[in-house]
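Input: a single structure, listed below in structure tokens.
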Amino acid sequence: MTIIEQPKSGRLKAAGKGSTAELVYQLRGQATSNDALNLVIATAPASVIVDGFVLAAIPEIDVDPTDGLGGYSARVHYKHSSQDSKNDAQDQQLNEVDDERTRFTFGSESQHITVAKTQRKYGANSRDVGKVIGARADKAEEPDGMDRDFPLSRIVVTRLYDPATVTNAWLKDRLDQLLTVNDAPWRSLPAESVRLASIEGDQRSDDLWELTFTFEYRENETNIDVGDGVVITDKKGWEYAWTMKVPQNDGNGKKIPKTEGGYVAVIYDKSDFTQLGVTS
């Protein structure tokens, strides 16, 4: 009985913890595929190193006959243990009422802004436009502005509910909470900084309801300097701040945009997120 590794036919993927490897073996003189499998298990290394990371052998080993005369080809696959952890988390099943799992994404969204945090000017004849971005002489009241990325985080919570809880009346109450913001701190996040963005649900074959809530978080802000001495002292995450700009004479006969006032608009209603039944 012989087993020979075929180094040139193995495949490697170097990608840090996402690296994978495959070792290929040719076997002779094996009575059965099970004999071939046992010989591969005894021969193949338990781990290999790719891109500086230790990859462990996956329990799945492919063994295929090559000639019907005791010849077999075998492939042993390797991957980093973190890939198992990721897949386990994604495939985690909820088994009992009140079982819950959470995942999150810390990301960003683009918003149009017309006021900078600070601004420098160059040129002997440059106008004083304060913190206004993209001011134009021919459109003093409508600065061009720019698109800027702001933090936007998503928290997705899936929970298992008893069918006695998920009645039509209960679902109607949850529907009323859609696109509301938290009226009190939730998971250590300040009031009015978290919005309930969506609700999804499936009733399983065991009659239990699996509901998924998606929350979006924007940070609250204080003391926002919008230029020309105007400061917005308090803006909740899901409120909308805007400014009134008016053209004013710069003293040299030129019109420039000046911030006359700052405003904060309340867009979303508040609700009690503890009524959702998820961990708060």
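Residues are referred to by chain and number: the chain letter is A, B, ... according to the order shown in the structure tokens, the number counts from 1 in that chain, and ligands are numbered separately from 1 in the order shown.
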Contacts of Gly71 of chain A at 7 Å or less, counting only C-alpha atoms, minus same-chain residues fewer than 6 places along, as a ChimeraX atom specification? /A:27-30,65
Strand (DSSP E or B) positions in segment 158-208 of chain A, given as a PyMOL selection string: chain A and resi 158-161+181-182+186+189+194-203
Create the file for the chosen residues now, containing N, CA and C atoms and written as a PDB file, in the first residue's frame.
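Output (part_7.pdb):
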```
ATOM      1  N   THR A 158     -32.145  39.111  16.321  1.00  0.00           N
ATOM      2  CA  THR A 158     -33.123  38.072  16.000  1.00  0.00           C
ATOM      3  C   THR A 158     -33.491  37.341  17.285  1.00  0.00           C
ATOM      4  N   ARG A 159     -34.794  37.179  17.513  1.00  0.00           N
ATOM      5  CA  ARG A 159     -35.270  36.578  18.760  1.00  0.00           C
ATOM      6  C   ARG A 159     -36.425  35.622  18.466  1.00  0.00           C
ATOM      7  N   LEU A 160     -36.526  34.609  19.307  1.00  0.00           N
ATOM      8  CA  LEU A 160     -37.573  33.603  19.160  1.00  0.00           C
ATOM      9  C   LEU A 160     -38.713  33.898  20.124  1.00  0.00           C
ATOM     10  N   TYR A 161     -39.946  33.921  19.593  1.00  0.00           N
ATOM     11  CA  TYR A 161     -41.126  34.292  20.372  1.00  0.00           C
ATOM     12  C   TYR A 161     -42.144  33.148  20.402  1.00  0.00           C
ATOM     13  N   VAL A 181     -37.823  56.346  17.129  1.00  0.00           N
ATOM     14  CA  VAL A 181     -36.533  56.361  17.812  1.00  0.00           C
ATOM     15  C   VAL A 181     -36.740  56.036  19.289  1.00  0.00           C
ATOM     16  N   ASN A 182     -35.675  55.571  19.925  1.00  0.00           N
ATOM     17  CA  ASN A 182     -35.765  55.146  21.324  1.00  0.00           C
ATOM     18  C   ASN A 182     -36.048  56.321  22.252  1.00  0.00           C
ATOM     19  N   TRP A 186     -30.909  52.810  25.218  1.00  0.00           N
ATOM     20  CA  TRP A 186     -31.114  51.433  24.768  1.00  0.00           C
ATOM     21  C   TRP A 186     -29.751  50.819  24.459  1.00  0.00           C
ATOM     22  N   LEU A 189     -26.894  53.092  24.423  1.00  0.00           N
ATOM     23  CA  LEU A 189     -26.922  54.169  23.437  1.00  0.00           C
ATOM     24  C   LEU A 189     -27.938  55.222  23.885  1.00  0.00           C
ATOM     25  N   VAL A 194     -31.212  55.964  18.284  1.00  0.00           N
ATOM     26  CA  VAL A 194     -31.420  54.672  17.618  1.00  0.00           C
ATOM     27  C   VAL A 194     -32.793  54.683  16.955  1.00  0.00           C
ATOM     28  N   ARG A 195     -32.824  54.260  15.698  1.00  0.00           N
ATOM     29  CA  ARG A 195     -34.081  54.180  14.951  1.00  0.00           C
ATOM     30  C   ARG A 195     -34.385  52.723  14.608  1.00  0.00           C
ATOM     31  N   LEU A 196     -35.637  52.331  14.797  1.00  0.00           N
ATOM     32  CA  LEU A 196     -36.074  50.993  14.384  1.00  0.00           C
ATOM     33  C   LEU A 196     -36.351  51.039  12.889  1.00  0.00           C
ATOM     34  N   ALA A 197     -35.447  50.447  12.105  1.00  0.00           N
ATOM     35  CA  ALA A 197     -35.493  50.596  10.649  1.00  0.00           C
ATOM     36  C   ALA A 197     -36.363  49.555   9.963  1.00  0.00           C
ATOM     37  N   SER A 198     -36.391  48.319  10.485  1.00  0.00           N
ATOM     38  CA  SER A 198     -37.193  47.287   9.831  1.00  0.00           C
ATOM     39  C   SER A 198     -37.478  46.148  10.801  1.00  0.00           C
ATOM     40  N   ILE A 199     -38.535  45.389  10.477  1.00  0.00           N
ATOM     41  CA  ILE A 199     -38.916  44.202  11.241  1.00  0.00           C
ATOM     42  C   ILE A 199     -39.236  43.101  10.235  1.00  0.00           C
ATOM     43  N   GLU A 200     -38.612  41.931  10.423  1.00  0.00           N
ATOM     44  CA  GLU A 200     -38.910  40.770   9.582  1.00  0.00           C
ATOM     45  C   GLU A 200     -39.301  39.610  10.481  1.00  0.00           C
ATOM     46  N   GLY A 201     -40.182  38.742   9.995  1.00  0.00           N
ATOM     47  CA  GLY A 201     -40.616  37.618  10.820  1.00  0.00           C
ATOM     48  C   GLY A 201     -40.979  36.397  10.001  1.00  0.00           C
ATOM     49  N   ASP A 202     -40.744  35.230  10.599  1.00  0.00           N
ATOM     50  CA  ASP A 202     -41.128  33.946  10.004  1.00  0.00           C
ATOM     51  C   ASP A 202     -41.674  33.054  11.101  1.00  0.00           C
ATOM     52  N   GLN A 203     -42.804  32.407  10.813  1.00  0.00           N
ATOM     53  CA  GLN A 203     -43.312  31.400  11.740  1.00  0.00           C
ATOM     54  C   GLN A 203     -42.775  30.049  11.310  1.00  0.00           C
TER      55      GLN A 203
END
```
Residue nearest Asp228 of chain A - candidates A:Ser153, A:Asn249, A:Ser81, A:Thr259, atoms counted: only C-alpha atoms: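 Nearest candidate to Asp228 of chain A out of A:Ser153, A:Asn249, A:Ser81, A:Thr259: A:Thr259.
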Report as a PyMOL selection string all protein, DNA and RNA residues lying within 8 Å of segment 104-117 of chain A, evaluated on only C-alpha atoms, omitting residues in the same chain fewer than 2 positions from it. chain A and resi 102+119+131-134+143-156+225-227
Could you write out that same residue set with C-alpha atoms as a tab-separated table (two decimals), in the first residue's frame?
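This is the output file out.tsv:
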```tsv
chain	number	residue	atom	x	y	z
A	102	THR	CA	-27.17	39.88	17.64
A	119	GLN	CA	-11.84	76.42	6.66
A	131	LYS	CA	-17.36	78.17	7.21
A	132	VAL	CA	-19.61	78.01	4.15
A	133	ILE	CA	-18.46	75.36	1.64
A	134	GLY	CA	-18.63	76.14	-2.06
A	143	PRO	CA	-23.57	77.38	-1.57
A	144	ASP	CA	-22.61	74.25	-3.48
A	145	GLY	CA	-21.49	72.29	-0.42
A	146	MET	CA	-20.22	68.74	-0.66
A	147	ASP	CA	-21.07	65.15	0.28
A	148	ARG	CA	-19.48	63.87	3.46
A	149	ASP	CA	-19.52	60.45	5.15
A	150	PHE	CA	-21.01	60.23	8.64
A	151	PRO	CA	-21.01	57.20	10.97
A	152	LEU	CA	-24.08	54.99	10.66
A	153	SER	CA	-24.14	51.71	12.57
A	154	ARG	CA	-26.66	48.89	12.21
A	155	ILE	CA	-27.59	46.42	14.92
A	156	VAL	CA	-29.61	43.37	13.88
A	225	ASP	CA	-20.79	75.60	15.22
A	226	VAL	CA	-22.46	76.42	11.89
A	227	GLY	CA	-20.59	79.67	11.40
```
Restricting the calculation to only C-alpha atoms, which member of A:Val97, A:Ile224, A:Ala44, A:Leu208 is positioned closest to Thr167 of chain A?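 Under the stated criterion, the closest residue is A:Leu208.
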Between atom CA of Gln177 of chain A and atom CA of Thr233 of chain A, measure the distance and give it in Å to one decimal.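 Those two atoms sit 28.0 Å apart.
Rounded to one decimal, atom CA of Ile49 of chain A and atom CA of Arg75 of chain A lie 17.0 Å from each other.
Counting from atom CA of Leu39 of chain A, the distance to atom CA of Ile3 of chain A is 7.7 Å.
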Selected residue, from A:Gly52, A:Met244, A:Ala265, A:Thr32, that lies nearest to Ala14 of chain A when counting only C-alpha atoms: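 When distances to Ala14 of chain A are compared using only C-alpha atoms, the smallest one comes from A:Gly52.
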Contact residues around Lys235 of chain A with only C-alpha atoms at 9 Å, ignoring same-chain residues under 2 positions, as a ChimeraX atom specification: /A:220-224,232-233,237-241,264-265
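Neighbours of Thr279 of chain A closer than or equal to 10 Å, with only C-alpha atoms counted and sequence neighbours fewer than 5 positions away skipped, come out as Asp98, Glu100, Arg101, Thr102, Val157, Arg159, Trp186, Arg187, Phe273 and Thr274 of chain A.
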Selected residue, from A:Gly251, A:Ser126, A:Glu219, A:Asp99, that lies nearest to Gly277 of chain A when counting only C-alpha atoms: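 The shortest atom-to-atom distance to Gly277 of chain A comes from A:Asp99.
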Can you pull out every residue from segment 60-194 of chain A that DSSP, working from the backbone, puts in helix (DSSP H, G or I), and format the result as a PyMOL selection string? chain A and resi 81-91+168-177
Just the selected residues (N, CA and C atoms), exported as a tab-separated table (two decimals), in the first residue's frame, please.
```tsv
chain	number	residue	atom	x	y	z
A	81	SER	N	-9.19	28.52	11.63
A	81	SER	CA	-10.28	28.24	12.57
A	81	SER	C	-11.29	29.37	12.66
A	82	SER	N	-10.87	30.62	12.38
A	82	SER	CA	-11.79	31.75	12.47
A	82	SER	C	-12.91	31.64	11.44
A	83	GLN	N	-12.65	30.93	10.34
A	83	GLN	CA	-13.71	30.75	9.34
A	83	GLN	C	-14.81	29.85	9.88
A	84	ASP	N	-14.45	28.87	10.71
A	84	ASP	CA	-15.47	28.04	11.35
A	84	ASP	C	-16.30	28.86	12.31
A	85	SER	N	-15.62	29.74	13.08
A	85	SER	CA	-16.34	30.56	14.05
A	85	SER	C	-17.33	31.47	13.36
A	86	LYS	N	-16.91	32.03	12.22
A	86	LYS	CA	-17.80	32.92	11.48
A	86	LYS	C	-19.01	32.16	10.98
A	87	ASN	N	-18.77	30.98	10.40
A	87	ASN	CA	-19.88	30.20	9.87
A	87	ASN	C	-20.80	29.73	10.99
A	88	ASP	N	-20.21	29.34	12.13
A	88	ASP	CA	-21.03	28.89	13.26
A	88	ASP	C	-21.96	30.00	13.72
A	89	ALA	N	-21.43	31.24	13.76
A	89	ALA	CA	-22.26	32.35	14.21
A	89	ALA	C	-23.40	32.62	13.24
A	90	GLN	N	-23.09	32.50	11.93
A	90	GLN	CA	-24.12	32.75	10.93
A	90	GLN	C	-25.18	31.66	10.94
A	91	ASP	N	-24.77	30.43	11.22
A	91	ASP	CA	-25.70	29.30	11.16
A	91	ASP	C	-26.33	28.97	12.51
A	168	ASN	N	-52.09	39.27	16.35
A	168	ASN	CA	-52.28	40.36	15.40
A	168	ASN	C	-52.20	41.72	16.08
A	169	ALA	N	-52.76	41.81	17.30
A	169	ALA	CA	-52.70	43.08	18.03
A	169	ALA	C	-51.26	43.43	18.39
A	170	TRP	N	-50.49	42.43	18.79
A	170	TRP	CA	-49.08	42.66	19.15
A	170	TRP	C	-48.30	43.11	17.92
A	171	LEU	N	-48.56	42.47	16.78
A	171	LEU	CA	-47.87	42.86	15.54
A	171	LEU	C	-48.26	44.27	15.12
A	172	LYS	N	-49.51	44.63	15.33
A	172	LYS	CA	-49.93	45.99	14.99
A	172	LYS	C	-49.17	47.01	15.84
A	173	ASP	N	-48.99	46.71	17.11
A	173	ASP	CA	-48.22	47.60	17.98
A	173	ASP	C	-46.78	47.73	17.49
A	174	ARG	N	-46.20	46.63	17.02
A	174	ARG	CA	-44.83	46.69	16.53
A	174	ARG	C	-44.77	47.50	15.23
A	175	LEU	N	-45.79	47.33	14.40
A	175	LEU	CA	-45.84	48.12	13.16
A	175	LEU	C	-45.88	49.61	13.48
A	176	ASP	N	-46.60	49.97	14.54
A	176	ASP	CA	-46.66	51.38	14.94
A	176	ASP	C	-45.31	51.90	15.41
A	177	GLN	N	-44.43	51.00	15.83
A	177	GLN	CA	-43.10	51.42	16.30
A	177	GLN	C	-42.09	51.53	15.17
```
Show which residues sit within 7 Å of Ala56 of chain A, as a ChimeraX atom specification. Count only C-alpha atoms, and ignore same-chain residues fewer than 5 positions away. /A:46-48,78-81
